[in-house]
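upload16.cif (mmCIF, C-alpha atoms and all ligand atoms) appears below.
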```
data_my_file
loop_
_atom_site.label_atom_id
_atom_site.label_comp_id
_atom_site.auth_asym_id
_atom_site.auth_seq_id
_atom_site.Cartn_x
_atom_site.Cartn_y
_atom_site.Cartn_z
CA MET A 46 136.33 79.31 81.74
CA LYS A 47 134.36 81.54 84.13
CA LEU A 48 135.62 85.08 84.55
CA GLN A 49 134.11 87.72 86.80
CA GLN A 50 132.09 90.48 85.18
CA ALA A 51 134.78 93.08 86.00
CA THR A 52 137.45 90.95 84.31
CA ARG A 53 135.38 90.62 81.15
CA TYR A 54 134.69 94.37 81.07
CA ALA A 55 138.41 95.05 81.51
CA ILE A 56 139.39 92.79 78.60
CA TRP A 57 136.78 94.38 76.32
CA ALA A 58 137.77 97.91 77.32
CA VAL A 59 141.51 97.32 76.87
CA ILE A 60 141.09 95.70 73.48
CA GLU A 61 138.71 98.38 72.25
CA LEU A 62 141.00 101.21 73.42
CA ALA A 63 144.18 99.55 72.14
CA SER A 64 142.60 99.03 68.72
CA ARG A 65 142.15 102.83 68.39
CA PRO A 66 145.16 104.14 70.32
CA THR A 67 144.85 107.77 69.21
CA ASP A 68 141.23 108.14 70.35
CA GLN A 69 139.99 109.50 73.66
CA VAL A 70 137.00 107.27 74.30
CA ARG A 71 134.38 108.14 76.88
CA ALA A 72 133.16 105.49 79.31
CA GLN A 73 129.63 106.07 78.03
CA GLU A 74 130.67 105.17 74.48
CA LEU A 75 132.49 102.03 75.63
CA ALA A 76 129.47 100.99 77.71
CA GLN A 77 127.21 101.48 74.68
CA ILE A 78 129.44 99.47 72.34
CA TYR A 79 129.44 96.48 74.67
CA ARG A 80 125.96 97.11 76.13
CA ILE A 81 127.24 97.03 79.68
CA SER A 82 126.66 99.08 82.82
CA GLN A 83 128.58 102.37 82.70
CA ASN A 84 128.89 102.50 86.52
CA HIS A 85 130.59 99.10 86.66
CA LEU A 86 132.77 99.96 83.69
CA VAL A 87 134.01 103.18 85.31
CA ARG A 88 135.24 101.22 88.34
CA VAL A 89 137.05 98.81 86.03
CA LEU A 90 138.61 101.69 84.10
CA GLN A 91 139.87 103.17 87.38
CA THR A 92 141.70 99.93 88.17
CA LEU A 93 143.19 99.90 84.64
CA THR A 94 144.28 103.53 85.10
CA ARG A 95 146.04 102.69 88.37
CA ALA A 96 147.81 99.84 86.57
CA ASN A 97 149.02 102.30 83.85
CA ILE A 98 147.21 100.41 81.13
CA VAL A 99 144.83 103.27 80.31
CA SER A 100 145.04 106.97 81.02
CA SER A 101 142.16 109.34 81.48
CA VAL A 102 141.59 112.96 80.60
CA ARG A 103 138.78 114.72 82.41
CA GLY A 104 136.36 117.29 81.04
CA PRO A 105 134.64 117.81 77.69
CA GLY A 106 136.45 116.04 74.88
CA GLY A 107 138.18 113.87 77.48
CA GLY A 108 138.00 110.16 77.90
CA PHE A 109 140.13 107.07 78.19
CA THR A 110 143.16 106.19 76.07
CA PHE A 111 145.25 103.04 75.95
CA CYS A 112 148.75 103.79 77.22
CA GLY A 113 150.20 100.31 77.78
CA ASN A 114 152.43 98.26 75.48
CA ALA A 115 150.00 96.23 73.36
CA LYS A 116 152.77 93.95 72.10
CA ARG A 117 153.70 92.89 75.61
CA LEU A 118 150.44 93.18 77.58
CA THR A 119 148.89 89.72 77.76
CA LEU A 120 145.37 88.58 78.63
CA PHE A 121 146.89 87.07 81.76
CA ASP A 122 148.20 90.50 82.85
CA ILE A 123 144.70 91.96 82.60
CA ILE A 124 142.95 89.01 84.22
CA SER A 125 145.33 88.88 87.17
CA LEU A 126 144.40 92.47 88.09
CA PHE A 127 140.85 91.34 88.79
CA GLU A 128 140.92 87.63 89.66
CA THR A 129 142.70 86.58 92.84
CA GLY A 130 144.39 83.21 93.29
CA TRP A 131 143.81 82.31 89.70
CA PRO A 132 144.60 79.94 88.06
CA GLY A 133 145.37 77.03 90.38
CA GLU A 134 142.84 77.56 93.14
CA VAL A 135 140.73 74.48 92.39
CA SER A 136 143.63 72.10 92.10
CA ASN A 137 145.01 72.64 95.59
CA GLY A 138 142.20 71.09 97.59
CA ARG A 139 143.41 67.49 97.49
CA PRO A 140 142.77 65.42 100.61
CA PRO A 141 146.21 64.29 101.84
CA GLY A 142 147.09 60.74 100.82
CA SER A 143 144.05 60.24 98.60
CA ALA A 144 144.91 58.67 95.25
CA LEU A 145 141.62 59.80 93.71
CA GLY A 146 142.19 63.32 94.99
CA ALA A 147 145.71 63.33 93.58
CA GLU A 148 144.51 62.18 90.17
CA LEU A 149 141.72 64.74 90.11
CA SER A 150 144.22 67.39 91.09
CA ARG A 151 146.54 66.29 88.25
CA VAL A 152 143.74 66.62 85.70
CA LEU A 153 142.75 70.07 86.98
CA ASN A 154 146.41 71.13 86.92
CA GLU A 155 146.60 69.99 83.29
CA VAL A 156 143.70 72.31 82.45
CA ASP A 157 145.21 75.20 84.41
CA ARG A 158 148.58 74.79 82.76
CA ILE A 159 147.14 74.99 79.25
CA THR A 160 144.83 77.87 80.16
CA SER A 161 147.66 79.76 81.80
CA ALA A 162 150.01 79.20 78.82
CA THR A 163 147.35 80.44 76.41
CA LEU A 164 146.55 83.57 78.40
CA ARG A 165 150.20 84.36 79.07
CA SER A 166 151.09 84.13 75.39
CA VAL A 167 148.20 86.03 73.82
CA THR A 168 148.97 89.73 73.76
CA VAL A 169 146.48 92.53 73.15
CA GLN A 170 148.24 93.25 69.82
CA THR A 171 147.91 89.60 68.77
CA ILE A 172 144.14 89.77 69.32
CA ILE A 173 143.87 93.01 67.34
CA ASN A 174 146.02 91.68 64.49
CA ASN A 175 144.13 88.38 64.31
CA ALA A 176 140.80 90.22 64.26
CA GLU A 177 142.02 92.47 61.43
CA ARG A 178 143.34 89.46 59.52
CA ALA A 179 139.99 87.66 59.95
CA SER A 180 137.99 90.63 58.68
CA ARG A 181 140.33 91.06 55.68
CA MET A 182 139.77 87.39 54.85
CA ARG A 183 136.01 87.83 55.24
CA ASP A 184 136.05 90.84 52.91
CA LEU A 185 138.10 88.92 50.38
CA THR A 186 135.74 85.94 50.46
CA GLU A 187 132.71 88.21 50.08
CA ARG A 188 134.27 89.88 47.03
CA LEU A 189 134.96 86.56 45.31
CA PRO A 190 132.42 85.74 42.58
CA LYS A 191 129.98 83.15 43.87
CA ALA A 192 129.88 79.83 41.99
CA SER A 193 126.47 79.47 40.35
CA MET B 157 168.78 79.61 46.48
CA THR B 158 166.71 82.46 47.81
CA SER B 159 167.81 84.72 50.59
CA GLN B 160 165.94 87.33 52.52
CA ARG B 161 167.27 90.54 54.00
CA ILE B 162 165.65 92.80 56.47
CA LYS B 163 166.54 96.50 56.73
CA SER B 164 167.93 98.45 53.78
CA PRO B 165 166.84 95.95 51.11
CA GLU B 166 168.11 98.33 48.43
CA ALA B 167 171.73 97.98 49.61
CA GLU B 168 174.06 95.95 47.38
CA ARG B 169 175.92 94.36 50.25
CA PRO B 170 174.34 93.68 53.61
CA SER B 171 175.18 96.34 56.17
CA ASP B 172 176.64 95.26 59.51
CA ASP B 173 173.30 95.50 61.22
CA GLU B 174 171.37 93.62 58.60
CA ILE B 175 169.90 90.18 59.21
CA VAL B 176 170.37 87.94 56.20
CA ILE B 177 168.51 84.65 55.83
CA ARG B 178 170.08 81.80 53.90
CA GLU B 179 169.89 78.04 53.52
CA GLY B 180 172.06 76.41 56.19
CA SER B 181 174.97 74.54 54.66
CA ARG B 182 176.76 71.45 55.94
CA ASN B 183 179.56 73.74 57.20
CA ASP B 184 177.06 75.72 59.28
CA PHE B 185 176.12 72.75 61.47
CA PRO B 186 178.79 73.20 64.19
CA ASP B 187 177.67 76.82 64.64
CA ILE B 188 173.98 75.86 64.60
CA ILE B 189 174.58 73.13 67.18
CA ALA B 190 176.51 75.52 69.46
CA LEU B 191 173.87 78.22 69.08
CA ASP B 192 171.05 75.75 69.76
CA ALA B 193 172.81 74.51 72.91
CA GLY B 194 172.92 78.10 74.20
CA ILE B 195 169.26 78.73 73.35
CA ALA B 196 167.66 75.41 74.31
CA GLY B 197 169.93 74.92 77.34
CA ILE B 198 170.89 71.40 76.25
CA SER B 199 173.49 70.25 73.78
CA ARG B 200 171.86 67.93 71.23
CA PRO B 201 174.31 67.30 68.37
CA GLU B 202 172.73 63.91 67.58
CA PHE B 203 169.37 65.67 66.98
CA TRP B 204 170.99 67.95 64.41
CA HIS B 205 173.15 65.24 62.82
CA GLU B 206 170.07 63.07 62.37
CA PHE B 207 168.35 65.93 60.57
CA GLN B 208 171.47 66.67 58.54
CA GLU B 209 171.43 63.07 57.28
CA HIS B 210 167.68 63.21 56.72
CA ARG B 211 168.09 66.34 54.59
CA ALA B 212 170.84 64.73 52.52
CA ALA B 213 168.73 61.61 52.00
CA THR B 214 165.33 63.14 51.27
CA ASN B 215 165.86 66.73 50.17
CA THR B 216 162.59 67.69 51.88
CA LEU B 217 164.00 69.27 55.03
CA ILE B 218 164.56 73.02 55.13
CA ILE B 219 167.27 74.40 57.39
CA LEU B 220 167.67 78.17 57.41
CA VAL B 221 170.16 80.36 59.21
CA ALA B 222 169.99 84.05 60.08
CA ARG B 223 173.33 85.84 59.88
CA ARG B 224 174.30 89.21 61.23
CA SER B 225 177.72 90.61 60.33
CA GLY B 226 178.48 87.17 58.93
CA LYS B 227 177.80 85.38 62.22
CA ILE B 228 174.98 82.86 62.62
CA VAL B 229 172.54 84.35 65.14
CA GLY B 230 169.46 82.25 64.46
CA TYR B 231 168.13 79.13 62.82
CA ALA B 232 164.86 77.57 61.73
CA MET B 233 164.13 74.08 60.57
CA GLY B 234 161.00 72.67 58.99
CA GLU B 235 159.56 70.16 56.56
CA VAL B 236 156.40 69.47 54.60
CA ARG B 237 154.84 66.32 56.00
CA ALA B 238 151.52 64.52 55.65
CA TRP B 239 151.42 63.90 59.40
CA PRO B 240 149.21 63.42 61.36
CA VAL B 241 147.60 61.34 58.66
CA ARG B 242 144.21 63.01 59.01
CA GLY B 243 144.15 66.03 56.73
CA PRO B 244 146.40 67.30 53.94
CA ALA B 245 150.19 67.74 54.22
CA CYS B 246 151.30 70.78 56.16
CA GLY B 247 154.53 72.66 56.86
CA TRP B 248 155.98 71.49 60.17
CA ILE B 249 158.26 73.84 62.08
CA TYR B 250 160.70 71.63 63.95
CA ALA B 251 162.86 74.28 65.59
CA ILE B 252 163.42 78.02 65.66
CA GLY B 253 165.78 80.01 67.83
CA VAL B 254 167.65 83.30 67.97
CA GLU B 255 170.72 84.13 70.06
CA LYS B 256 169.78 86.16 73.17
CA GLU B 257 171.95 89.16 72.20
CA ASN B 258 170.27 89.37 68.81
CA ARG B 259 166.64 89.06 69.79
CA GLN B 260 163.93 91.59 68.99
CA ARG B 261 165.59 92.56 65.71
CA ARG B 262 163.01 90.54 63.78
CA ALA B 263 165.46 87.75 62.95
CA ALA B 264 162.91 85.08 63.92
CA SER B 265 160.21 86.87 61.89
CA ALA B 266 162.51 86.89 58.85
CA LEU B 267 163.29 83.19 59.33
CA MET B 268 159.57 82.40 59.53
CA THR B 269 158.77 84.51 56.45
CA GLU B 270 161.34 82.57 54.43
CA LEU B 271 160.23 79.21 55.83
CA ILE B 272 156.60 79.98 54.99
CA GLU B 273 157.61 81.00 51.45
CA ARG B 274 159.37 77.67 51.00
CA PHE B 275 156.34 75.79 52.36
CA ARG B 276 154.01 77.70 50.05
CA ALA B 277 156.23 76.88 47.10
CA GLN B 278 155.66 73.22 47.96
CA GLY B 279 151.90 73.77 47.82
CA VAL B 280 150.92 73.58 51.49
CA GLY B 281 148.30 75.83 53.03
CA THR B 282 148.91 75.31 56.76
CA ILE B 283 151.87 75.45 59.12
CA ARG B 284 152.06 73.53 62.37
CA THR B 285 154.40 73.04 65.29
CA MET B 286 154.65 71.45 68.73
CA ILE B 287 156.21 73.41 71.58
CA ASP B 288 156.74 73.24 75.32
CA VAL B 289 153.52 74.40 77.00
CA ASP B 290 155.56 76.45 79.49
CA ASP B 291 157.63 78.26 76.83
CA HIS B 292 155.51 81.40 76.88
CA LEU B 293 158.07 83.46 74.95
CA LEU B 294 158.16 81.12 71.97
CA MET B 295 154.38 80.73 72.15
CA SER B 296 153.97 84.52 72.20
CA PHE B 297 156.17 84.86 69.16
CA LEU B 298 154.30 82.17 67.20
CA ARG B 299 150.94 83.62 68.22
CA SER B 300 152.11 87.09 67.17
CA LEU B 301 152.43 85.64 63.66
CA GLY B 302 148.81 84.53 63.80
CA MET B 303 149.30 80.91 64.88
CA THR B 304 146.58 79.51 67.18
CA ALA B 305 145.84 76.16 68.82
CA GLY B 306 145.06 73.51 66.22
CA PRO B 307 142.81 70.47 66.34
CA PHE B 308 145.41 68.11 67.88
CA VAL B 309 146.72 67.72 71.40
CA GLU B 310 149.82 65.84 72.44
CA LEU B 311 149.24 62.93 74.87
CA GLU B 312 151.96 60.85 76.45
CA MET B 313 152.56 58.15 79.06
CA SER B 314 155.58 56.64 80.69
CA ILE B 315 156.05 52.99 79.72
CA ALA B 316 159.12 52.51 81.88
CA GLN B 317 158.99 49.32 84.00
C1 LIG C 1 160.97 83.36 70.34
C2 LIG C 1 162.19 83.86 69.58
C3 LIG C 1 162.48 82.87 68.44
C4 LIG C 1 161.85 85.26 69.01
O1 LIG C 1 162.99 85.71 68.26
P1 LIG C 1 163.19 87.26 67.87
O2 LIG C 1 164.14 87.31 66.74
O3 LIG C 1 163.52 88.04 69.09
O4 LIG C 1 161.72 87.64 67.40
P2 LIG C 1 161.28 88.90 66.51
O5 LIG C 1 162.20 90.05 66.76
O6 LIG C 1 161.15 88.46 65.08
O7 LIG C 1 159.85 89.22 67.15
C5 LIG C 1 158.65 89.15 66.44
C6 LIG C 1 157.48 89.30 67.36
O8 LIG C 1 157.48 88.26 68.34
C7 LIG C 1 156.96 88.78 69.59
N1 LIG C 1 158.03 88.75 70.59
C8 LIG C 1 159.36 88.65 70.40
N2 LIG C 1 160.00 88.69 71.57
C9 LIG C 1 159.07 88.83 72.52
C10 LIG C 1 159.09 88.95 73.95
N3 LIG C 1 160.25 88.94 74.63
N4 LIG C 1 157.92 89.06 74.62
C11 LIG C 1 156.74 89.07 73.95
N5 LIG C 1 156.65 88.98 72.60
C12 LIG C 1 157.79 88.86 71.91
C13 LIG C 1 156.61 90.24 69.33
O9 LIG C 1 155.26 90.30 68.92
C14 LIG C 1 157.50 90.59 68.17
O10 LIG C 1 156.98 91.65 67.38
P3 LIG C 1 157.66 93.11 67.46
O11 LIG C 1 159.04 92.97 66.91
O12 LIG C 1 156.78 93.93 66.59
O13 LIG C 1 157.66 93.47 68.92
C15 LIG C 1 163.43 84.00 70.52
O14 LIG C 1 163.07 84.74 71.65
C16 LIG C 1 164.00 82.65 70.95
O15 LIG C 1 164.88 82.11 70.30
N6 LIG C 1 163.50 82.10 72.05
C17 LIG C 1 163.90 80.76 72.49
C18 LIG C 1 163.22 79.71 71.63
C19 LIG C 1 163.79 78.33 71.83
O16 LIG C 1 163.96 77.90 72.97
N7 LIG C 1 164.11 77.63 70.71
C20 LIG C 1 164.72 76.35 70.75
C21 LIG C 1 163.74 75.24 70.70
S1 LIG C 1 162.71 75.22 69.26
#
```
Translate the structure described by the file into C-alpha cells.
Amino acid sequence: MKLQQATRYAIWAVIELASRPTDQVRAQELAQIYRISQNHLVRVLQTLTRANIVSSVRGPGGGFTFCGNAKRLTLFDIISLFETGWPGEVSNGRPPGSALGAELSRVLNEVDRITSATLRSVTVQTIINNAERASRMRDLTERLPKAS
Amino acid sequence: MTSQRIKSPEAERPSDDEIVIREGSRNDFPDIIALDAGIAGISRPEFWHEFQEHRAATNTLIILVARRSGKIVGYAMGEVRAWPVRGPACGWIYAIGVEKENRQRRAASALMTELIERFRAQGVGTIRTMIDVDDHLLMSFLRSLGMTAGPFVELEMSIAQ
C-alpha cells in the first residue's frame, strides 16, 4: 500500500502524540524521533490541528498535544485527511462492456474492501495497546532463563 | 459454574447497573434468539437450535449471556475446535452481540473475558473468528482486544446452476 509522505508523517505524529497524551511535544523533537523533515512535518501538524486531532501551544515550553479521541480515531480517519479519492480510485477505470476489465475491477475492489475494513477498524488506541502488549511480551521473553 | 461481574465486584448482590455474565441455559434461548434477531437484523432460530442441540450432544460448546437487572442484554458463543486442520486447536468465537441500548458498558468485553477464560481452561492458546468484512464496529471491538488478521482467508464461489 503506497501512502503519500504527508500521510505517513501524520500517522507517525498522531500515534506518537497519543501515546504520551500529557506531553507538549515540539515539532523538532517529533522530526528527530522519526528522522523526517521538520518543515514538511509542520505543514502536516497544521492540517491535524485544523481537524482537531492535535492542538498546539506557541512559545517556549509549547508544542503539540493529542486532543482527539484515541479510542475512536481510526487510521482511515487520518489517511482520508491527506489522500483524496482513496480507496477505490484504481477500480473505477473499467472499459464499458469489457469482461476482462470487469474481472480486474472485481479483484481490485476485493483488495480495497479488505484494506478499507482494516483501516476503518484499527484505532489509534488499538495500535498503542498492541505495541505495549508486544513490548511487555518481549520483556517477559527476555527475562525467561535461556535453555542451555 | 463461574460467573463474572463488572462494576462493584465486592457487592453481595449485583446492583441494577451491573453486568453479570453466566452460562446460557436452555430457558435463555428464546431471549437469546430474540436479542440476536434485533442485533443481526435477521431472525435465525434454526441457527441457535442447531447449536443448542450440538451443546447438549457434545458438551464442548460455550454459550454465555450478559444480564443487566436480570434481563439478557448480550450473548457470546464459542467452541474449542481443531479446525482448520493445520495447526493446533483454537477457541472459535461463533457469535457475540450486545443490545443497542446496553452498548459501551463493557458487556461485550466481559463476555469475551469469560469466554477466553473458558478456552484457556481447555488448554488452547489462540482465539479465532470469522466476521463480515464490512462490519467495522465488530471488527473495531475485536481489534481493541488485540485480535489481528490471522493466516487464513475465506474464499467462496457460487455453485448455483
Ligand atoms: C461490537 C459489540 C459486540 C461491542 O459491544 P459493547 O458491549 O458495546 O462493547 P464494550 O463496551 O465491551 O467495548 C469494548 C471496546 O470495544 C471498542 N468499541 C466498542 N464500541 C465501539 C464503537 N461504537 N466504536 C469504536 N469502538 C468501539 C472500544 O475500544 C471499547 O473500549 P472502551 O470501552 O474502552 O471504549 C456491539 O457493538 C455489537 O453487538 N455489535 C453488533 C455485533 C453483531 O452484529 N453481532 C451479531 C453477529 S456475531
Using only C-alpha atoms and all ligand atoms, what table do you get, as JSON lines, when you list each residue of chain A with an atom no more than 9 Å from ligand LIG 1 (chain C), its nearest pair of atoms, and their distance in Å rounded to one decimal, rows by chain then rising number?
```
{"residue": "A:Lys116", "atom": "CA", "partner": "C:LIG1", "partner_atom": "O9", "distance": 5.4}
{"residue": "A:Arg117", "atom": "CA", "partner": "C:LIG1", "partner_atom": "C11", "distance": 5.2}
{"residue": "A:Leu118", "atom": "CA", "partner": "C:LIG1", "partner_atom": "C11", "distance": 8.4}
{"residue": "A:Thr119", "atom": "CA", "partner": "C:LIG1", "partner_atom": "C11", "distance": 8.7}
{"residue": "A:Ser166", "atom": "CA", "partner": "C:LIG1", "partner_atom": "C11", "distance": 7.6}
{"residue": "A:Thr168", "atom": "CA", "partner": "C:LIG1", "partner_atom": "C11", "distance": 7.8}
{"residue": "A:Gln170", "atom": "CA", "partner": "C:LIG1", "partner_atom": "O9", "distance": 7.7}
{"residue": "A:Thr171", "atom": "CA", "partner": "C:LIG1", "partner_atom": "O9", "distance": 7.4}
```
Contacts of B:Ala264 at 9 Å or less, counting all atoms listed in the file, minus same-chain residues fewer than 5 places along, as a short mmCIF file (atom, residue, chain, number, x, y, z; two decimals) with C-alpha atoms, in the coordinates of the input?
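Final output, saved to out-v1.cif:
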```cif
data_model
loop_
_atom_site.label_atom_id
_atom_site.label_comp_id
_atom_site.auth_asym_id
_atom_site.auth_seq_id
_atom_site.Cartn_x
_atom_site.Cartn_y
_atom_site.Cartn_z
CA ALA B 222 169.99 84.05 60.08
CA GLY B 230 169.46 82.25 64.46
CA TYR B 231 168.13 79.13 62.82
CA ALA B 232 164.86 77.57 61.73
CA ILE B 252 163.42 78.02 65.66
CA GLY B 253 165.78 80.01 67.83
CA VAL B 254 167.65 83.30 67.97
CA ARG B 259 166.64 89.06 69.79
CA THR B 269 158.77 84.51 56.45
CA PHE B 297 156.17 84.86 69.16
#
```
| message | Need the shell around stretch 184-201 of chain B: protein/DNA/RNA residues with any atom at most 12 Å away, counting only C-alpha atoms. Skip same-chain ones fewer than 2 positions apart. Format as number ranges by chain? | response | B: 178-182, 203-209, 219-223, 226-233, 251-259, 287-288, 291, 294
Practice prompt. Counting all atoms listed in the file, collect the residues of chain B whose closest atom lies at most 6 Å from chain A, and write them out as a ChimeraX atom specification.
Written response: /B:292,295-296,300
Write the selection just made, keeping C-alpha atoms, as a PDB file, keeping the file's coordinate frame?
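The file below, result_13.pdb, is the result:
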```pdb
ATOM      1  CA  HIS B 292     155.510  81.400  76.880  1.00  0.00           C
ATOM      2  CA  MET B 295     154.380  80.730  72.150  1.00  0.00           C
ATOM      3  CA  SER B 296     153.970  84.520  72.200  1.00  0.00           C
ATOM      4  CA  SER B 300     152.110  87.090  67.170  1.00  0.00           C
TER       5      SER B 300
END
```
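Minimum atom-to-atom distance to A:Ser101, evaluated using all atoms listed in the file, belongs to A:Asp68 out of A:Glu128, A:Asp68, A:Asp122, A:Glu177.
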Skip A:Tyr54 itself and residues of its chain fewer than 5 positions away, then list as a ChimeraX atom specification all residues within 9 Å of it, counting all atoms listed in the file.
/A:49,59,79,81,85-86,89-90
I'd like the interatomic distance between atom CA of B:Ile249 and atom CA of B:Ala263, to a tenth of an Å.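 Taking atom CA of B:Ile249 and atom CA of B:Ala263, their separation equals 15.7 Å.
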Taken to one decimal, the atom CA of B:Ala213-atom CA of B:Met268 distance is 23.9 Å
message: If we count only C-alpha atoms and set the cut-off at 7 Å, which residues sit around A:Gly107, ignoring sequence neighbours fewer than 3 positions away in its own chain? Please answer as a list of chain:residue names.
response: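 That gives A:Gln69, A:Arg71, A:Val102, A:Arg103, A:Gly104.
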With distances taken over all atoms listed in the file, the candidate from B:Ala316, B:Ala266, B:Leu271, B:Leu298 nearest B:Trp248 is B:Leu271
Reconstruct stretch 175-199 of chain B at the level of N, CA and C atoms, and format the result as a compact mmCIF listing (two decimals), in the frame of the given file.
```
# COMPACT_ATOMS: atom_id res chain seq x y z
N ILE B 175 170.09 91.62 59.02
CA ILE B 175 169.90 90.18 59.21
C ILE B 175 169.69 89.57 57.83
N VAL B 176 170.48 88.59 57.50
CA VAL B 176 170.37 87.94 56.20
C VAL B 176 169.99 86.47 56.42
N ILE B 177 168.98 86.04 55.68
CA ILE B 177 168.51 84.65 55.83
C ILE B 177 169.00 83.82 54.65
N ARG B 178 169.61 82.69 54.95
CA ARG B 178 170.08 81.80 53.90
C ARG B 178 169.85 80.34 54.27
N GLU B 179 169.94 79.49 53.27
CA GLU B 179 169.89 78.04 53.52
C GLU B 179 171.12 77.67 54.36
N GLY B 180 170.93 76.87 55.39
CA GLY B 180 172.06 76.41 56.19
C GLY B 180 172.85 75.36 55.44
N SER B 181 174.15 75.53 55.38
CA SER B 181 174.97 74.54 54.66
C SER B 181 175.54 73.53 55.64
N ARG B 182 176.14 72.48 55.12
CA ARG B 182 176.76 71.45 55.94
C ARG B 182 177.79 72.09 56.89
N ASN B 183 178.52 73.08 56.37
CA ASN B 183 179.56 73.74 57.20
C ASN B 183 178.97 74.56 58.34
N ASP B 184 177.68 74.89 58.23
CA ASP B 184 177.06 75.72 59.28
C ASP B 184 176.67 74.90 60.51
N PHE B 185 176.65 73.57 60.38
CA PHE B 185 176.12 72.75 61.47
C PHE B 185 176.81 72.93 62.83
N PRO B 186 178.16 72.98 62.87
CA PRO B 186 178.79 73.20 64.19
C PRO B 186 178.31 74.48 64.86
N ASP B 187 178.15 75.54 64.06
CA ASP B 187 177.67 76.82 64.64
C ASP B 187 176.21 76.71 65.07
N ILE B 188 175.40 76.03 64.25
CA ILE B 188 173.98 75.86 64.60
C ILE B 188 173.86 75.06 65.89
N ILE B 189 174.65 74.00 65.98
CA ILE B 189 174.58 73.13 67.18
C ILE B 189 174.99 73.92 68.43
N ALA B 190 176.04 74.72 68.30
CA ALA B 190 176.51 75.52 69.46
C ALA B 190 175.46 76.56 69.84
N LEU B 191 174.88 77.19 68.83
CA LEU B 191 173.87 78.22 69.08
C LEU B 191 172.63 77.59 69.75
N ASP B 192 172.22 76.45 69.22
CA ASP B 192 171.05 75.75 69.76
C ASP B 192 171.29 75.34 71.22
N ALA B 193 172.51 74.91 71.53
CA ALA B 193 172.81 74.51 72.91
C ALA B 193 172.64 75.71 73.85
N GLY B 194 173.06 76.88 73.40
CA GLY B 194 172.92 78.10 74.20
C GLY B 194 171.46 78.50 74.36
N ILE B 195 170.67 78.30 73.31
CA ILE B 195 169.26 78.73 73.35
C ILE B 195 168.39 77.72 74.10
N ALA B 196 168.53 76.44 73.73
CA ALA B 196 167.66 75.41 74.31
C ALA B 196 168.15 74.96 75.69
N GLY B 197 169.40 75.28 76.02
CA GLY B 197 169.93 74.92 77.34
C GLY B 197 170.40 73.47 77.41
N ILE B 198 170.33 72.76 76.29
CA ILE B 198 170.89 71.40 76.25
C ILE B 198 171.63 71.23 74.93
N SER B 199 172.75 70.51 75.00
CA SER B 199 173.49 70.25 73.78
C SER B 199 172.90 69.00 73.14
```
